[in-house]
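Below is one structure, written out as structure tokens; comments come after it.
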Amino acid sequence: MMEEVQDVTSALSVHGHNIKVTDVLKDGDTLTFVIVSQKVSGTGEYHVDRTYDDVEWLQQHLFSQEDVPGLHGVIFPPVPAKPQVNVTAKGMKQLGFLGLGEWQPYCKALETFLRQVASHDLLKKNKAVEIFLTSSDPPGRQRVKKNIFNWLSQAMDEMRKEGHKDVDEFFQAQRDQNLVMTGCTKNATERFLEVVLTEQKIAVACGHFSAALHLCVEAGEDPVKQAFSRICVKLSEVLESMKKNMMSVAENNVNTLGLGLDLESRYQEAEKEMLFRRTCKLVELETARRSAEKAKPVKKAAMEEVKKAAESEFDHISRVAKQEIAQFESERVQMLQQALVGWCEQQLLTAKESADQFDRYLQAFRGMA
Amino acid sequence: MSDRARDPPPERTDFEELEDADDLFPEPAATEESGPASLTAEDISTNSNGPKQDSQFDEDPEDLFAEATEEVSLDSPERDVLLSDGPSPAITPITPPTSVITPCLGHDDMFTHSSFDEIEEEEGGDLFDMHIAVSDPEKVGDGMNAYMAYKVTTKTPMSMFKRGEFSVKRRFSDFLGLHSKLASKYLHIGYIVPPAPEKSIVGMTKVKVGKEDQSSNEFVEKRRSALERYLMRTVKHPVLRKDPDVMQFLESSDLPRAVNTQALSSAGLLRMVNKAADAVNKMTIKMNESDAWFEEKQQHFENLDVQLRKLHASVESLVCHRKELSVNTAQFAKSAAMLGNSEDHTALSRALSQLAEVEEKIDQLHQDQANADFYLFSELLGDYVRLITAVKGVFDHRMKTWQKWQDSQMLLQKKREAEAKLQFTNKPDKLQQAKDEIKEVSPRLSDTWTQIVFI
């Protein structure tokens, strides 16, 4: 059932910080996520099933919330790209890290998105969030018109505005920095993804080598043959463990730094979009000012009205944007720091285990000689 | 005769005297117990019967040449060749009868010692201890006439060399020339001559043209290492080591240019045609394998070949992926560095820069690992695959020779029949002619019932 979202905001009845995406079910072509959230009052949980369509529904409603001034100044938490069960090459590229590992990273990313939405002061008050997280009926299974969000893909001449000089030094600097960072982060994420993919390839190759060695094992009385077979078996074991090691390394990469870089990259894009919206508003404002100046007395009053509206909107946006940017910066650094720390710890652990195991194998080989 | 215990040569070094000596020097062990007229393959292919052979030689070494009657056993030419492969083949044994005399003496030595080492001591006065290094690849000349000269350094205390340490400059075609000389001398007797590294027109052209990039450096390094392994394998072989060509190759500062090894020469074309002809022939020859040892070994080698090829392919793919990983890690390191540079937050920026440095180190590690995998595993496996091809070549040669032998037998048969007929009709001159023809045919018979020595 499709509820009309009231513009009246209300408090969210669940905690935002511990929302979990506990499971993902594959049903033909669609993926269904199981989302668990804890009630604020008392004990109890909400378990809901949601598909990507529902997520899109939520996003739409977040964007179209009418009563919040300066909503356009919000850096909207980035939602992961649409997951495809039968992933095409282009789809893989778009999903990046989130397309790997049987959708586990994807669930993590979705979880992060929901937590951020439900914790955001402005966004969590949107009733759509409540419905999304608690309603037993999936809210978004009906097609709603799509052209509300995704501003960047609007008219081509919007692109011109991106380069429009800002009136505010702070924002100009922010825009420049954001441009550089978006490019760098995206690049780093893609390179890291390639590293992970190659590591996976190596794991597979080790597996093949191990299997080929097994084929060399022959039964027989001949001592030379026996020695050779023994070596093959041992070497085969070593390669199996190498394969496991490589797979662990790749997994660690994905779960820590991979997700971190991916989130950072998507967030930079989100910030870029926000700044762009503000810039568009700025252009609008300047246009309105010019019109108001040039307007003939008949229309002047109307133009002034338009100008004033634009001004106040712009101020709201700028104010909200400043807050958002400050918060974004601190959260972003923290998030990356956690990702890096987690990455180091896990890789160290894996490396130590592998080093031990390889040492043991080396001793075994030396003993055989 | 053929029922005598025949163990595969490489595994037995403390045999009964004769077999041991025979095994270590890959003699075609012709059996002598049978009478001269026996033409069965088995007789020819089994281990030599020591004592009888011995006594025959001891008694009248000169008689070998005198055996120009019908009594010339089909076995004796093989015997001749057997002995000619003895410890000091000063004359390369291409035509069996001529090389009998010198080895005769050596043969005595053979029979009086029972261990390989002792024999070596007899000859060289010391055990095998040679170390050959191929180094310093230098580009000589330029344009399409350029070539890489490699320095071949030999360190050995063995007495057969004039000095303990010496080095010469050689180019790739010299190595190929050495191999082709050795192959022509020894292959048809059944030695396994280590295969030389392959020509690579693409690789060499890049080097010639002067591209100083990673791939041509790798190519030169790969080739250098392959040449070193090739030489070490060749000298490890007790017989090949003493070959005058090998010694000349290692010692003399000037070597006549081996022109026949050029890829686009007439000799090269001839080689290709021969290879094609051989391949066709191989399919048509159906050898009656009467020797179980050979059959088992052939099967063994077929299996080994398949296995090693598979392993080789696996290792190659592993090496390839590792190299890819190294490249990708390097790129990630660069992008992390860029990210660190653009980052405002100082601590994060530092952390990212350090990440970049770590990744660079990891990249280097991956490269080292890939190289190690390559040189330790992949090249070795490749070498063994090629060696097995060489072994198969020897087996094939044996088959060919058997075929020739069969043909010669038939020819001899016909000539004998003709001779018998002529005798009947009493035409003395034609009789003599026929006898001459027979004499011609017999020595040409098979001499390759060798046992293969594993390197």
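Residue numbering restarts at 1 in every chain; chains get A, B, ... in the order shown in the structure tokens, and ligands count up from 1 in that same order.
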Spatial neighbours of region 66-81 of chain A, 9 Å, only C-alpha atoms, chain gap at least 3 places, as a ChimeraX atom specification: /A:7-9,55-56,59,62-63,91,94-95,98,106,109-110,112-114,116-117,122-123,263,266-267,269-275,277-278,313-325,328
For Leu365 (chain B): contacts at 9 Å, only C-alpha atoms, fewer than 5 positions along chain excluded, given as a count of residues only: 3
Report as CSV the residues of chain B within 7 Å of chain A, each with its shortest atom pair and distance in Å (one decimal), using only C-alpha atoms, ordered by chain and increasing residue number.
residue,atom,partner,partner_atom,distance
B:Gln307,CA,A:Cys216,CA,6.1
B:Lys310,CA,A:Ala212,CA,6.5
B:Leu311,CA,A:Ala212,CA,5.9
B:Ser314,CA,A:Phe209,CA,5.0
B:Val315,CA,A:Phe209,CA,6.6
B:Ser317,CA,A:Ala205,CA,6.5
B:Leu318,CA,A:Ala205,CA,5.4
B:His321,CA,A:Ile202,CA,5.8
B:Arg322,CA,A:Ile202,CA,6.7
B:Glu324,CA,A:Thr198,CA,6.9
B:Leu325,CA,A:Thr198,CA,5.6
B:Asn328,CA,A:Val195,CA,5.4
B:Thr329,CA,A:Val195,CA,6.0
B:Gln331,CA,A:Arg191,CA,6.5
B:Phe332,CA,A:Arg191,CA,5.0
B:Ser335,CA,A:Ala188,CA,5.0
B:Ala336,CA,A:Ala188,CA,5.9
B:Met338,CA,A:Cys184,CA,6.6
B:Leu339,CA,A:Cys184,CA,5.3
B:Ser342,CA,A:Met181,CA,6.5
B:Leu348,CA,A:Val333,CA,6.8
Atom-to-atom span, CA of Asp245 (chain B) and CA of Lys199 (chain B), Å: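 Between CA of Asp245 (chain B) and CA of Lys199 (chain B) the gap works out to 21.1 Å.
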7 Å contact set for region 37-48 of chain A, only C-alpha atoms, chain neighbours under 4 positions out, as a PyMOL selection string: chain A and resi 13-15+18-20+133-134+136
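Shell of Ala339 (chain A) at 7 Å, with only C-alpha atoms counted and residues fewer than 3 places along the chain excluded, is Thr256, Leu257, Gly260, Met335, Leu336, Gly342 and Trp343 of chain A.
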Keeping all heavy atoms for every residue in the selection just given, could you write it to a file as a CSV table (one decimal), in the first residue's frame?
chain,number,residue,atom,x,y,z
A,256,THR,N,37.8,-3.9,4.5
A,256,THR,CA,38.2,-2.7,5.3
A,256,THR,C,38.5,-1.6,4.3
A,256,THR,O,37.6,-0.7,4.1
A,256,THR,CB,39.5,-3.1,6.0
A,256,THR,OG1,40.5,-3.6,5.1
A,256,THR,CG2,39.2,-4.1,7.1
A,257,LEU,N,39.7,-1.6,3.7
A,257,LEU,CA,40.0,-0.4,2.9
A,257,LEU,C,39.2,-0.3,1.7
A,257,LEU,O,38.8,0.9,1.3
A,257,LEU,CB,41.5,-0.5,2.5
A,257,LEU,CG,42.2,0.8,2.0
A,257,LEU,CD1,42.0,1.9,3.0
A,257,LEU,CD2,43.6,0.6,1.8
A,260,GLY,N,36.0,1.3,2.7
A,260,GLY,CA,36.3,2.7,3.1
A,260,GLY,C,36.5,3.6,1.9
A,260,GLY,O,35.9,4.7,1.9
A,335,MET,N,36.1,8.0,9.4
A,335,MET,CA,35.8,6.8,8.7
A,335,MET,C,37.0,6.2,8.0
A,335,MET,O,37.3,5.0,8.1
A,335,MET,CB,34.7,7.1,7.7
A,335,MET,CG,34.1,5.9,7.0
A,335,MET,SD,35.0,5.5,5.5
A,335,MET,CE,34.7,6.9,4.5
A,336,LEU,N,37.8,7.0,7.3
A,336,LEU,CA,38.9,6.5,6.6
A,336,LEU,C,40.0,6.0,7.6
A,336,LEU,O,40.6,5.0,7.4
A,336,LEU,CB,39.6,7.6,5.8
A,336,LEU,CG,39.1,7.7,4.3
A,336,LEU,CD1,39.9,8.7,3.6
A,336,LEU,CD2,39.4,6.3,3.7
A,342,GLY,N,41.6,-0.8,10.5
A,342,GLY,CA,41.1,-2.2,10.3
A,342,GLY,C,41.9,-3.0,9.3
A,342,GLY,O,42.2,-4.1,9.5
A,343,TRP,N,42.2,-2.3,8.2
A,343,TRP,CA,43.0,-2.9,7.2
A,343,TRP,C,44.3,-3.4,7.7
A,343,TRP,O,44.7,-4.6,7.5
A,343,TRP,CB,43.1,-1.9,6.0
A,343,TRP,CG,43.9,-2.4,4.9
A,343,TRP,CD1,43.5,-3.2,3.9
A,343,TRP,CD2,45.2,-2.0,4.5
A,343,TRP,NE1,44.5,-3.4,3.0
A,343,TRP,CE2,45.6,-2.7,3.3
A,343,TRP,CE3,46.2,-1.2,5.1
A,343,TRP,CZ2,46.8,-2.5,2.7
A,343,TRP,CZ3,47.4,-1.1,4.5
A,343,TRP,CH2,47.7,-1.7,3.3
Region 92-223 of chain A: residues DSSP assigns to helix (DSSP H, G or I), reported as a VMD selection string: chain A and resid 92 to 99 101 to 119 127 to 134 151 to 153 158 to 162 169 to 215 223
CA of Ala356 (chain B) to CA of Glu345 (chain A), straight-line distance in Å: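 CA of Glu345 (chain A) sits 17.1 Å away from CA of Ala356 (chain B).
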Might you pull out every residue within 12 Å of Thr389 (chain B), with only C-alpha atoms counted and same-chain residues fewer than 2 positions away left off, and present them as a short mmCIF file (atom, residue, chain, number, x, y, z; two decimals) with N, CA and C atoms, in the first residue's frame?
data_model
loop_
_atom_site.label_atom_id
_atom_site.label_comp_id
_atom_site.auth_asym_id
_atom_site.auth_seq_id
_atom_site.Cartn_x
_atom_site.Cartn_y
_atom_site.Cartn_z
N ILE B 192 71.58 -38.47 -24.85
CA ILE B 192 70.62 -37.39 -24.83
C ILE B 192 71.42 -36.10 -24.75
N VAL B 193 71.41 -35.36 -25.83
CA VAL B 193 72.13 -34.09 -25.84
C VAL B 193 71.20 -33.01 -25.31
N PRO B 194 71.61 -32.27 -24.30
CA PRO B 194 70.72 -31.25 -23.76
C PRO B 194 70.31 -30.26 -24.84
N PRO B 195 69.05 -29.93 -24.90
CA PRO B 195 68.60 -29.02 -25.94
C PRO B 195 69.02 -27.58 -25.64
N ALA B 196 69.38 -26.88 -26.68
CA ALA B 196 69.80 -25.49 -26.51
C ALA B 196 68.57 -24.60 -26.39
N GLN B 298 59.29 -45.54 -22.36
CA GLN B 298 58.61 -44.64 -23.27
C GLN B 298 57.28 -44.18 -22.68
N PHE B 301 57.89 -41.73 -20.02
CA PHE B 301 58.20 -40.40 -20.52
C PHE B 301 56.98 -39.70 -21.09
N GLU B 302 56.12 -40.45 -21.74
CA GLU B 302 54.90 -39.82 -22.24
C GLU B 302 54.12 -39.20 -21.09
N LEU B 304 55.17 -38.41 -18.10
CA LEU B 304 55.92 -37.32 -17.50
C LEU B 304 55.78 -36.06 -18.34
N ASP B 305 55.83 -36.25 -19.65
CA ASP B 305 55.72 -35.11 -20.54
C ASP B 305 54.40 -34.38 -20.31
N VAL B 306 53.32 -35.15 -20.29
CA VAL B 306 52.01 -34.55 -20.11
C VAL B 306 51.94 -33.80 -18.78
N LEU B 308 54.39 -32.67 -16.86
CA LEU B 308 55.24 -31.50 -16.76
C LEU B 308 54.69 -30.34 -17.58
N ARG B 309 54.11 -30.66 -18.71
CA ARG B 309 53.54 -29.57 -19.50
C ARG B 309 52.43 -28.87 -18.73
N GLY B 382 60.18 -25.84 -17.91
CA GLY B 382 60.33 -25.71 -19.35
C GLY B 382 61.53 -26.49 -19.85
N ASP B 383 62.63 -26.38 -19.11
CA ASP B 383 63.83 -27.12 -19.49
C ASP B 383 63.55 -28.61 -19.53
N TYR B 384 62.86 -29.08 -18.51
CA TYR B 384 62.60 -30.52 -18.45
C TYR B 384 61.66 -30.95 -19.57
N VAL B 385 60.72 -30.11 -19.88
CA VAL B 385 59.84 -30.46 -21.00
C VAL B 385 60.66 -30.59 -22.27
N ARG B 386 61.61 -29.65 -22.45
CA ARG B 386 62.43 -29.72 -23.65
C ARG B 386 63.35 -30.93 -23.61
N LEU B 387 63.87 -31.23 -22.42
CA LEU B 387 64.72 -32.41 -22.28
C LEU B 387 63.96 -33.66 -22.67
N VAL B 391 64.72 -36.52 -25.26
CA VAL B 391 64.70 -37.96 -24.99
C VAL B 391 63.82 -38.66 -26.01
N LYS B 392 62.68 -38.05 -26.23
CA LYS B 392 61.78 -38.67 -27.22
C LYS B 392 62.45 -38.72 -28.57
N GLY B 393 63.25 -37.67 -28.84
CA GLY B 393 63.97 -37.66 -30.11
C GLY B 393 64.88 -38.86 -30.23
N VAL B 394 65.53 -39.17 -29.11
CA VAL B 394 66.41 -40.33 -29.13
C VAL B 394 65.62 -41.60 -29.35
N PHE B 395 64.51 -41.69 -28.67
CA PHE B 395 63.65 -42.87 -28.87
C PHE B 395 63.23 -42.99 -30.33
N ASP B 396 62.88 -41.84 -30.88
CA ASP B 396 62.44 -41.85 -32.28
C ASP B 396 63.57 -42.29 -33.17
#
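Between CA of Ala183 (chain B) and CA of His397 (chain B) the interatomic distance comes to 11.7 Å.
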Test item: residues at most 7 Å from Ser135 (chain B), only C-alpha atoms, excluding those fewer than 3 positions along its chain, as a PyMOL selection string: chain B and resi 150-152+224
